[in-house]
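Following: one structure in structure tokens, then a few remarks.
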Amino acid sequence: MTTNSSASNFASCHSDAAGPLAASGAPVVALVGAPNVGKSTLFNSLTGARRQVGNWPGTTVEVGRARWSVPLRERTAVPDLAGAGSWDEPGSEVALLDLPGAYSLDAISPDEQFTRTLLMPPDEADRPDLIVVVADASRLARSLYLVSQVRESEGRVVVALTMSDVAARREIEVDVEELHRRLGAPVVRVDPRHGIGDADLARAVAQSLGRPPLPARPRPDLAGDELASADERFAWIQDAIDAATVSPQAEPRTWSDRIDRWVTAPWLGPIIFLAVMWVVFQLTTTAAAPLQDGLDALFSGPVSTAAVAVLSAIGLGGSWVESFVVDGLIAGVGMLLTFVPLMAIMFALLALLEDSGYMARAAVVTDRTMRMIGLPGRAFLPLIVGFGCNVPAISATRVLPDSRHRILTALLVPFTSCSARLAVYVMLAATFFPNSAGNVVFAMYMISILFVVVVGLALKKTLWRTMGRDPLLLDLPAYQPPHLRILGIVTWGRLKGFLRTASGIIVATVAAVWLLQSIPVGGQGSFADVPVSDSAYAAAAQTVTPVFAPAGFGNWEAVGALAVGFVAKEAVISSWSQTYAVEEPSELDAPGALGDAVREDFAQSSGGHTTAAVWAFMIFLLAYTPCVATLATQWREIGRKWTLFGVGVQLSVAWVAAVAVFQVGRLLS
Amino acid sequence: MTEVEGTPSMKRRLAEMGIRTGSHVRVLYRTTGGGRVVSVGGARVALDSGLAAAIGIEHRDD
């Protein structure tokens with residue numbers, strides 16, 4: 001498991017990743033802070049669109065990295081500071097790292113462990129040159145624990161004070177100068193949501209970098225007594241707060257409280273939550289659909305036609321080149337681009353839900369239900385979105401702060417039945433169960449939920465036994481109106497990341513399938529001009545067909561359709577119609593000739609137990625790998641190892657369930 | 001707040017959130033699933049029913 005990497009691994013990862021950024025000798029500045037203090041907002045505001053996001057090598061902990069301009073050059077103008085820096089030449093940029101949120105350096109979760117190792121590596125040389133601790137002025141006591149720990153060893157520290165506006169609303173006054181004296185480190189007020197204070201922070205950082213590191217704050221020798229050590233820190237923090245802040249006697253009840261009273265209320269909370277989820281679901285399905293269809297039509301229509309025209313003009317019309325460009329390249333790129341509007345909507349919604357503060361409330365409301373499968377409340381969102389499309393759902397696992405939860409949720413999302421699978425159920429149900437098609441489709445959704453719960457429980461019992469035991473203890477940040485600029489930056493950054501990682505995998509797979517379908521075997525046809533049934537693709541499907549005999553659908557047409565379904569479930573029906581060389585039904589609930597052909601095949605392969613075989617087939621279709629785009633997204637979010645593990649789980653669960661259904665069904669009929 | 005019960009790591013997490021023996025915590029309202037939202041040090045913290053039971057709160061009229 002990746003999160004078990006040893007401390008020394010973290011240290012070496014650090015130098016790897018910081019390498020390209022620090023290559024010019026630029027100082028490394030680490031941005032740390034408790035969750036929800038506005039750390040990532042500050043990071044985005046300081047570095048703008050230059051943010052690079054990626055999983056740290058060997059972990060699934062995400063770290064933002066970017067260059068940040070600070071006025072370092074000014075430092076050469078101050079004579080007594082010459083040579084104080086630990087880098088070779090004065091530059092104007094530092095490498096800024098955005099670390100996962102942590103309340104303290106006492107590592108409890110793997111993400112906190114990671115932050116700790118980065119800030120306090122065993123080898124002092126690996127330490128960042130400066131640590132910026134982001135502190136929330138409205139909840140200062142909480143934010144300063146990290147400062148107290150960071151100040152226990154020698155090093156440069158700057159405190160960035162956010163949320164002064166929220167503090168002001170709560171009538172809390174903070175004296176920045178006094179706080180500076182008490183903490184022994186510069187304190188700078190910032191408001192990253194409006195870009196205020198960024199320059200001041202840059203100046204403070206540049207000044208600190210030009211000076212020798214701050215000495216560790218004096219503290220009594222506690223001989224490793226953890227509890228006494230923590231008490232000493234709390235006392236130190238309390239002293240600083242008493243001296244530097246003025247709080248109202250009776251805390252005013254804010255409008256945020258008034259909203260929360262309803263939003264997390266025992267009965268109303270879940271209703272509001274479901275309403276919000278309904279809107280998210282509608283926007284990622286119904287609203288995105290016309291955009292997706294439009295792009296799809298554009299690529300299969302005008303773009304393909306234009307490509308054919310161009311190729312004909314240069315004498316390649318009707319050749320394998322034309323087939324490759326149209327059916328391989330354009331189809332692959334087109335498929336990738338149809339996901340763009342969907343992902344943009346999903347990422348914008350995610351940013352909106354997180355930024356406004358509602359996500360934390362949703363986590364409270366759903367906590368009890370999700371805890372049953374070892375996941376925190378906010379895992380609800382990706383799983384619900386999964387019923388629309390698995391691809392944005394897997395990206396939505398980012399709402400989970402703990403990387404183990406992200407992995408488990410991303411492994412469960414493929415079992416949520418997406419709308420592409422619905423099309424296949426509808427067609428099969430109309431063919432085989434014309435009188436109860438609605439009930440059959442409904443049953444498939446129930447089975448989908450069952451799969452999520454059972455697989456979730458099984459993974460929790462085997463891989464993450466300690467997970468889900470932590471009780472709910474969650475900060476509720478004050479509601480704030482979403483900020484368009486920040487939403488835009490976050491959405492664009494995530495969309496870019498998706499395109500960069502997913503594009504290669506999707507286009508390569510579509511091209512590979514085209515290649516297999518183009519290679520003739522058995523003497524029929526020529527390269528790129530061969531019926532699918534005579535291609536290498538069909539030959540490959542045929543070899544695995546016997547595997548599905550115990551599930552009652554050991555006919556190669558069905559298996560071939562499943563193999564195409566690996567690329568995209570939408571392709572299952574068109575693959576069948578291609579294979580049987582019949583017209584694709586224009587209405588899914590009136591399958592006509594295609595229905596007759598499929599019915600005949602299932603009756604044959606199941607030895608007359610058609611009903612059992614069709615159920616087995618639908619269940620296999622539900623549970624196995626949804627599509628190549630899902631895989632590409634998983635690859636990006638949880639890494640190659642877990643993605644391949646997930647494929648293994650999906651295939652085994654699908655096969656076992658299909659065989660069980662067919663065998664039991666055969667006995668009953 | 002009179003006393004906090006629980007495992008050392010749980011106590012530490014609560015302490016990081018500002019919930020310690022002797023700290024001033026105000027219970028604001030009940031949530032779905034029987035938990036509570038409390039106000040502590042200017043922050044709003046949601047606790048589930050188990051945690052809410054594990055911290056002993058001494059009632060005091062403000």
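Scheme for the structure tokens: letters A, B, ... for chains in order shown; per-chain residue numbers from 1; ligand numbers from 1 in order shown.
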Would you kindly report the residues of chain A within 9 Å of chain B, using only C-alpha atoms, as a CSV table (one decimal) with N, CA and C atoms, in the first residue's frame?
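Output below, filename part28.csv:
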chain,number,residue,atom,x,y,z
A,103,TYR,N,-3.8,19.7,11.1
A,103,TYR,CA,-4.0,20.5,12.3
A,103,TYR,C,-2.7,20.5,13.1
A,104,SER,N,-1.9,19.5,13.0
A,104,SER,CA,-0.7,19.4,13.8
A,104,SER,C,0.3,18.6,13.1
A,106,ASP,N,1.6,16.0,14.7
A,106,ASP,CA,1.4,14.7,15.2
A,106,ASP,C,0.7,13.9,14.2
A,108,ILE,N,-1.5,11.6,12.3
A,108,ILE,CA,-2.5,10.7,12.6
A,108,ILE,C,-2.9,10.0,11.3
A,138,SER,N,-10.3,34.0,12.4
A,138,SER,CA,-11.6,33.8,13.1
A,138,SER,C,-11.5,32.6,14.0
A,139,ARG,N,-10.5,31.8,13.8
A,139,ARG,CA,-10.3,30.6,14.7
A,139,ARG,C,-8.8,30.4,15.0
A,140,LEU,N,-8.3,31.4,15.6
A,140,LEU,CA,-6.9,31.5,15.8
A,140,LEU,C,-6.3,30.4,16.6
A,141,ALA,N,-7.0,30.0,17.7
A,141,ALA,CA,-6.5,29.0,18.6
A,141,ALA,C,-6.1,27.7,17.9
A,142,ARG,N,-7.0,27.4,17.0
A,142,ARG,CA,-6.9,26.2,16.2
A,142,ARG,C,-5.7,26.2,15.3
A,143,SER,N,-5.6,27.4,14.6
A,143,SER,CA,-4.6,27.6,13.6
A,143,SER,C,-3.1,27.7,14.1
A,145,TYR,N,-1.6,26.0,16.5
A,145,TYR,CA,-1.0,24.8,17.0
A,145,TYR,C,0.2,24.4,16.1
A,167,ALA,N,-13.5,37.1,10.9
A,167,ALA,CA,-13.3,37.5,12.3
A,167,ALA,C,-14.0,38.8,12.6
A,170,ARG,N,-17.5,38.4,13.3
A,170,ARG,CA,-17.7,37.9,14.7
A,170,ARG,C,-17.1,38.7,15.8
A,172,ILE,N,-14.2,39.8,16.4
A,172,ILE,CA,-12.9,39.4,16.9
A,172,ILE,C,-11.8,40.3,16.3
A,227,LEU,N,1.8,14.4,26.5
A,227,LEU,CA,0.7,15.2,27.1
A,227,LEU,C,1.1,16.5,27.6
A,230,ALA,N,2.0,18.8,24.8
A,230,ALA,CA,0.8,19.4,24.2
A,230,ALA,C,0.2,20.5,25.1
A,234,PHE,N,-0.5,24.4,24.1
A,234,PHE,CA,-1.8,25.1,24.3
A,234,PHE,C,-1.7,26.4,25.2
A,247,SER,N,-11.9,39.4,21.9
A,247,SER,CA,-13.1,38.7,21.4
A,247,SER,C,-14.2,39.2,22.2
A,250,ALA,N,-20.1,37.8,24.7
A,250,ALA,CA,-21.0,36.9,24.2
A,250,ALA,C,-20.9,36.8,22.7
A,251,GLU,N,-20.6,35.6,22.2
A,251,GLU,CA,-20.4,35.4,20.8
A,251,GLU,C,-21.7,35.7,20.0
A,257,ASP,N,-24.7,30.4,11.3
A,257,ASP,CA,-25.4,29.5,12.3
A,257,ASP,C,-26.8,29.3,12.0
A,260,ASP,N,-27.2,26.9,9.2
A,260,ASP,CA,-26.8,25.5,9.6
A,260,ASP,C,-27.9,24.9,10.5
A,261,ARG,N,-28.6,25.6,11.2
A,261,ARG,CA,-29.6,25.1,12.1
A,261,ARG,C,-30.6,24.3,11.2
A,263,VAL,N,-29.9,23.4,7.8
A,263,VAL,CA,-29.2,22.5,6.8
A,263,VAL,C,-28.7,21.2,7.4
A,264,THR,N,-28.4,21.2,8.7
A,264,THR,CA,-27.9,19.9,9.3
A,264,THR,C,-29.0,19.4,10.3
A,265,ALA,N,-30.2,19.9,10.2
A,265,ALA,CA,-31.2,19.5,11.2
A,265,ALA,C,-31.6,18.0,10.9
A,266,PRO,N,-32.0,17.3,12.0
A,266,PRO,CA,-32.2,15.9,11.9
A,266,PRO,C,-33.1,15.4,10.7
A,267,TRP,N,-34.2,16.1,10.4
A,267,TRP,CA,-35.1,15.7,9.3
A,267,TRP,C,-34.8,16.5,8.0
A,268,LEU,N,-34.7,17.8,8.2
A,268,LEU,CA,-34.6,18.6,7.0
A,268,LEU,C,-33.3,18.5,6.3
A,269,GLY,N,-32.2,18.2,7.1
A,269,GLY,CA,-30.9,18.1,6.5
A,269,GLY,C,-30.8,17.1,5.4
A,270,PRO,N,-31.3,15.9,5.6
A,270,PRO,CA,-31.2,14.9,4.5
A,270,PRO,C,-32.0,15.3,3.3
A,361,ARG,N,-21.2,20.5,5.4
A,361,ARG,CA,-22.5,20.2,6.0
A,361,ARG,C,-23.1,18.8,5.4
A,364,VAL,N,-21.7,16.0,7.3
A,364,VAL,CA,-22.3,15.7,8.6
A,364,VAL,C,-23.6,15.0,8.4
A,365,VAL,N,-24.4,15.4,7.4
A,365,VAL,CA,-25.7,14.8,7.2
A,365,VAL,C,-25.7,13.3,6.8
A,366,THR,N,-24.7,13.0,6.0
A,366,THR,CA,-24.6,11.6,5.4
A,366,THR,C,-23.7,10.7,6.2
A,367,ASP,N,-23.0,11.3,7.2
A,367,ASP,CA,-22.0,10.5,7.9
A,367,ASP,C,-22.4,9.1,8.3
A,368,ARG,N,-23.6,9.1,9.0
A,368,ARG,CA,-24.0,7.8,9.6
A,368,ARG,C,-24.2,6.7,8.5
A,369,THR,N,-24.9,7.1,7.4
A,369,THR,CA,-25.1,6.2,6.3
A,369,THR,C,-23.9,5.6,5.7
A,470,ASP,N,-12.7,6.2,13.0
A,470,ASP,CA,-12.6,7.5,13.5
A,470,ASP,C,-14.0,8.1,13.6
A,471,PRO,N,-14.4,8.7,14.7
A,471,PRO,CA,-15.7,9.3,14.8
A,471,PRO,C,-15.7,10.6,14.0
A,472,LEU,N,-16.9,11.1,13.7
A,472,LEU,CA,-17.0,12.4,13.0
A,472,LEU,C,-16.6,13.5,13.9
A,473,LEU,N,-15.6,14.3,13.4
A,473,LEU,CA,-15.2,15.5,14.1
A,473,LEU,C,-14.8,16.4,13.0
A,474,LEU,N,-15.7,17.4,12.7
A,474,LEU,CA,-15.5,18.1,11.5
A,474,LEU,C,-15.7,19.6,11.8
A,475,ASP,N,-14.8,20.4,11.2
A,475,ASP,CA,-14.9,21.8,11.3
A,475,ASP,C,-16.0,22.3,10.3
A,476,LEU,N,-16.9,23.2,10.7
A,476,LEU,CA,-17.8,23.7,9.7
A,476,LEU,C,-17.4,25.2,9.4
A,477,PRO,N,-16.8,25.4,8.3
A,477,PRO,CA,-16.3,26.7,8.0
A,477,PRO,C,-17.5,27.6,7.7
A,478,ALA,N,-17.3,28.9,8.0
A,478,ALA,CA,-18.4,29.8,7.8
A,478,ALA,C,-18.8,29.8,6.3
Neighbours of Arg193 of chain A within 7 Å (only C-alpha atoms; same-chain residues fewer than 2 positions away dropped), as a list in words?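 The contact residues come out as Thr41, Asp191, Gly195 and His483 of chain A.
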Expected answer as number ranges by chain: strand (DSSP E) residues in chain B: B: 3-4, 25-30, 36-40, 43-47, 55-56
Give me, please, the distance in Å between atom CA of Val659 of chain A and atom CA of Ala616 of chain A, quoted to one decimal.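 These atoms are spaced 6.7 Å apart.
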Step one, run DSSP on the backbone; step two, keep only residues of chain B assigned to helix (DSSP H, G or I); then write them as a list in words.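 After running DSSP on the backbone, chain B has helix (DSSP H, G or I) at Pro8, Ser9, Met10, Lys11, Arg12, Arg13, Leu14, Ala15, Glu16, Ser49, Gly50, Leu51, Ala52, Ala53 and Ala54 of chain B.
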Using all heavy atoms, can you export the residues from the last selection as a short mmCIF file (atom, residue, chain, number, x, y, z; two decimals), in the first residue's frame?
data_model
loop_
_atom_site.label_atom_id
_atom_site.label_comp_id
_atom_site.auth_asym_id
_atom_site.auth_seq_id
_atom_site.Cartn_x
_atom_site.Cartn_y
_atom_site.Cartn_z
N PRO B 8 -6.18 8.14 23.49
CA PRO B 8 -5.25 9.27 23.44
C PRO B 8 -5.27 9.99 22.10
O PRO B 8 -5.26 11.22 22.05
CB PRO B 8 -3.88 8.62 23.69
CG PRO B 8 -4.18 7.37 24.42
CD PRO B 8 -5.52 6.91 23.97
N SER B 9 -5.35 9.24 20.99
CA SER B 9 -5.30 9.91 19.70
C SER B 9 -6.58 10.71 19.46
O SER B 9 -6.56 11.79 18.86
CB SER B 9 -5.09 8.90 18.57
OG SER B 9 -6.28 8.27 18.22
N MET B 10 -7.71 10.19 19.96
CA MET B 10 -8.97 10.92 19.83
C MET B 10 -8.92 12.19 20.66
O MET B 10 -9.34 13.27 20.22
CB MET B 10 -10.10 10.01 20.33
CG MET B 10 -11.44 10.37 19.75
SD MET B 10 -11.36 10.32 17.95
CE MET B 10 -11.70 12.02 17.59
N LYS B 11 -8.39 12.05 21.87
CA LYS B 11 -8.28 13.22 22.74
C LYS B 11 -7.42 14.29 22.09
O LYS B 11 -7.70 15.47 22.19
CB LYS B 11 -7.63 12.82 24.07
CG LYS B 11 -8.58 12.26 25.09
CD LYS B 11 -7.83 12.04 26.38
CE LYS B 11 -8.73 11.64 27.50
NZ LYS B 11 -7.97 11.32 28.72
N ARG B 12 -6.36 13.84 21.43
CA ARG B 12 -5.47 14.79 20.81
C ARG B 12 -6.15 15.50 19.66
O ARG B 12 -6.02 16.70 19.48
CB ARG B 12 -4.21 14.07 20.32
CG ARG B 12 -3.08 15.03 20.06
CD ARG B 12 -1.77 14.33 20.08
NE ARG B 12 -1.75 13.25 19.11
CZ ARG B 12 -0.79 12.33 19.05
NH1 ARG B 12 0.19 12.35 19.92
NH2 ARG B 12 -0.83 11.39 18.15
N ARG B 13 -6.92 14.74 18.88
CA ARG B 13 -7.64 15.39 17.77
C ARG B 13 -8.64 16.40 18.30
O ARG B 13 -8.80 17.48 17.74
CB ARG B 13 -8.36 14.35 16.91
CG ARG B 13 -7.47 13.76 15.85
CD ARG B 13 -8.26 13.01 14.79
NE ARG B 13 -9.19 13.87 14.08
CZ ARG B 13 -10.19 13.42 13.34
NH1 ARG B 13 -10.40 12.13 13.23
NH2 ARG B 13 -11.00 14.26 12.71
N LEU B 14 -9.35 16.02 19.36
CA LEU B 14 -10.31 16.96 19.96
C LEU B 14 -9.57 18.20 20.47
O LEU B 14 -10.04 19.33 20.30
CB LEU B 14 -11.06 16.29 21.11
CG LEU B 14 -12.19 15.34 20.69
CD1 LEU B 14 -12.60 14.46 21.85
CD2 LEU B 14 -13.39 16.12 20.19
N ALA B 15 -8.41 17.97 21.09
CA ALA B 15 -7.64 19.09 21.64
C ALA B 15 -7.20 20.03 20.52
O ALA B 15 -7.26 21.25 20.66
CB ALA B 15 -6.43 18.57 22.41
N GLU B 16 -6.78 19.45 19.38
CA GLU B 16 -6.39 20.28 18.25
C GLU B 16 -7.54 21.16 17.78
O GLU B 16 -7.35 22.26 17.29
CB GLU B 16 -5.96 19.40 17.07
CG GLU B 16 -4.58 18.82 17.21
CD GLU B 16 -4.35 17.68 16.23
OE1 GLU B 16 -5.11 17.56 15.24
OE2 GLU B 16 -3.41 16.92 16.47
N SER B 49 -22.77 11.43 17.43
CA SER B 49 -23.42 11.19 18.72
C SER B 49 -22.46 10.56 19.72
O SER B 49 -22.49 10.90 20.90
CB SER B 49 -24.65 10.31 18.51
OG SER B 49 -24.30 9.17 17.75
N GLY B 50 -21.57 9.67 19.23
CA GLY B 50 -20.63 9.02 20.14
C GLY B 50 -19.70 10.02 20.82
O GLY B 50 -19.51 10.00 22.03
N LEU B 51 -19.16 10.93 20.01
CA LEU B 51 -18.23 11.93 20.55
C LEU B 51 -18.96 12.89 21.49
O LEU B 51 -18.43 13.26 22.54
CB LEU B 51 -17.60 12.74 19.42
CG LEU B 51 -16.32 12.20 18.83
CD1 LEU B 51 -15.80 13.17 17.80
CD2 LEU B 51 -15.28 12.00 19.92
N ALA B 52 -20.18 13.28 21.08
CA ALA B 52 -20.93 14.21 21.90
C ALA B 52 -21.15 13.61 23.28
O ALA B 52 -21.14 14.31 24.30
CB ALA B 52 -22.26 14.54 21.24
N ALA B 53 -21.31 12.27 23.33
CA ALA B 53 -21.53 11.61 24.61
C ALA B 53 -20.22 11.51 25.39
O ALA B 53 -20.22 11.50 26.62
CB ALA B 53 -22.12 10.22 24.39
N ALA B 54 -19.09 11.42 24.66
CA ALA B 54 -17.80 11.20 25.32
C ALA B 54 -17.25 12.46 25.98
O ALA B 54 -16.37 12.38 26.82
CB ALA B 54 -16.77 10.67 24.32
#
Fewer than 5 positions away in the same chain doesn't count, so skip those; otherwise give me all residues within 10 Å of Thr625 of chain A, counting only C-alpha atoms, as a list in words. Pro414, Phe415, Leu562, Gly565, Phe566, Val567, Ala568, Lys569, Phe620, Thr630, Leu631, Gly646, Val647, Gly648, Val649, Gln650, Leu651 and Ala654 of chain A
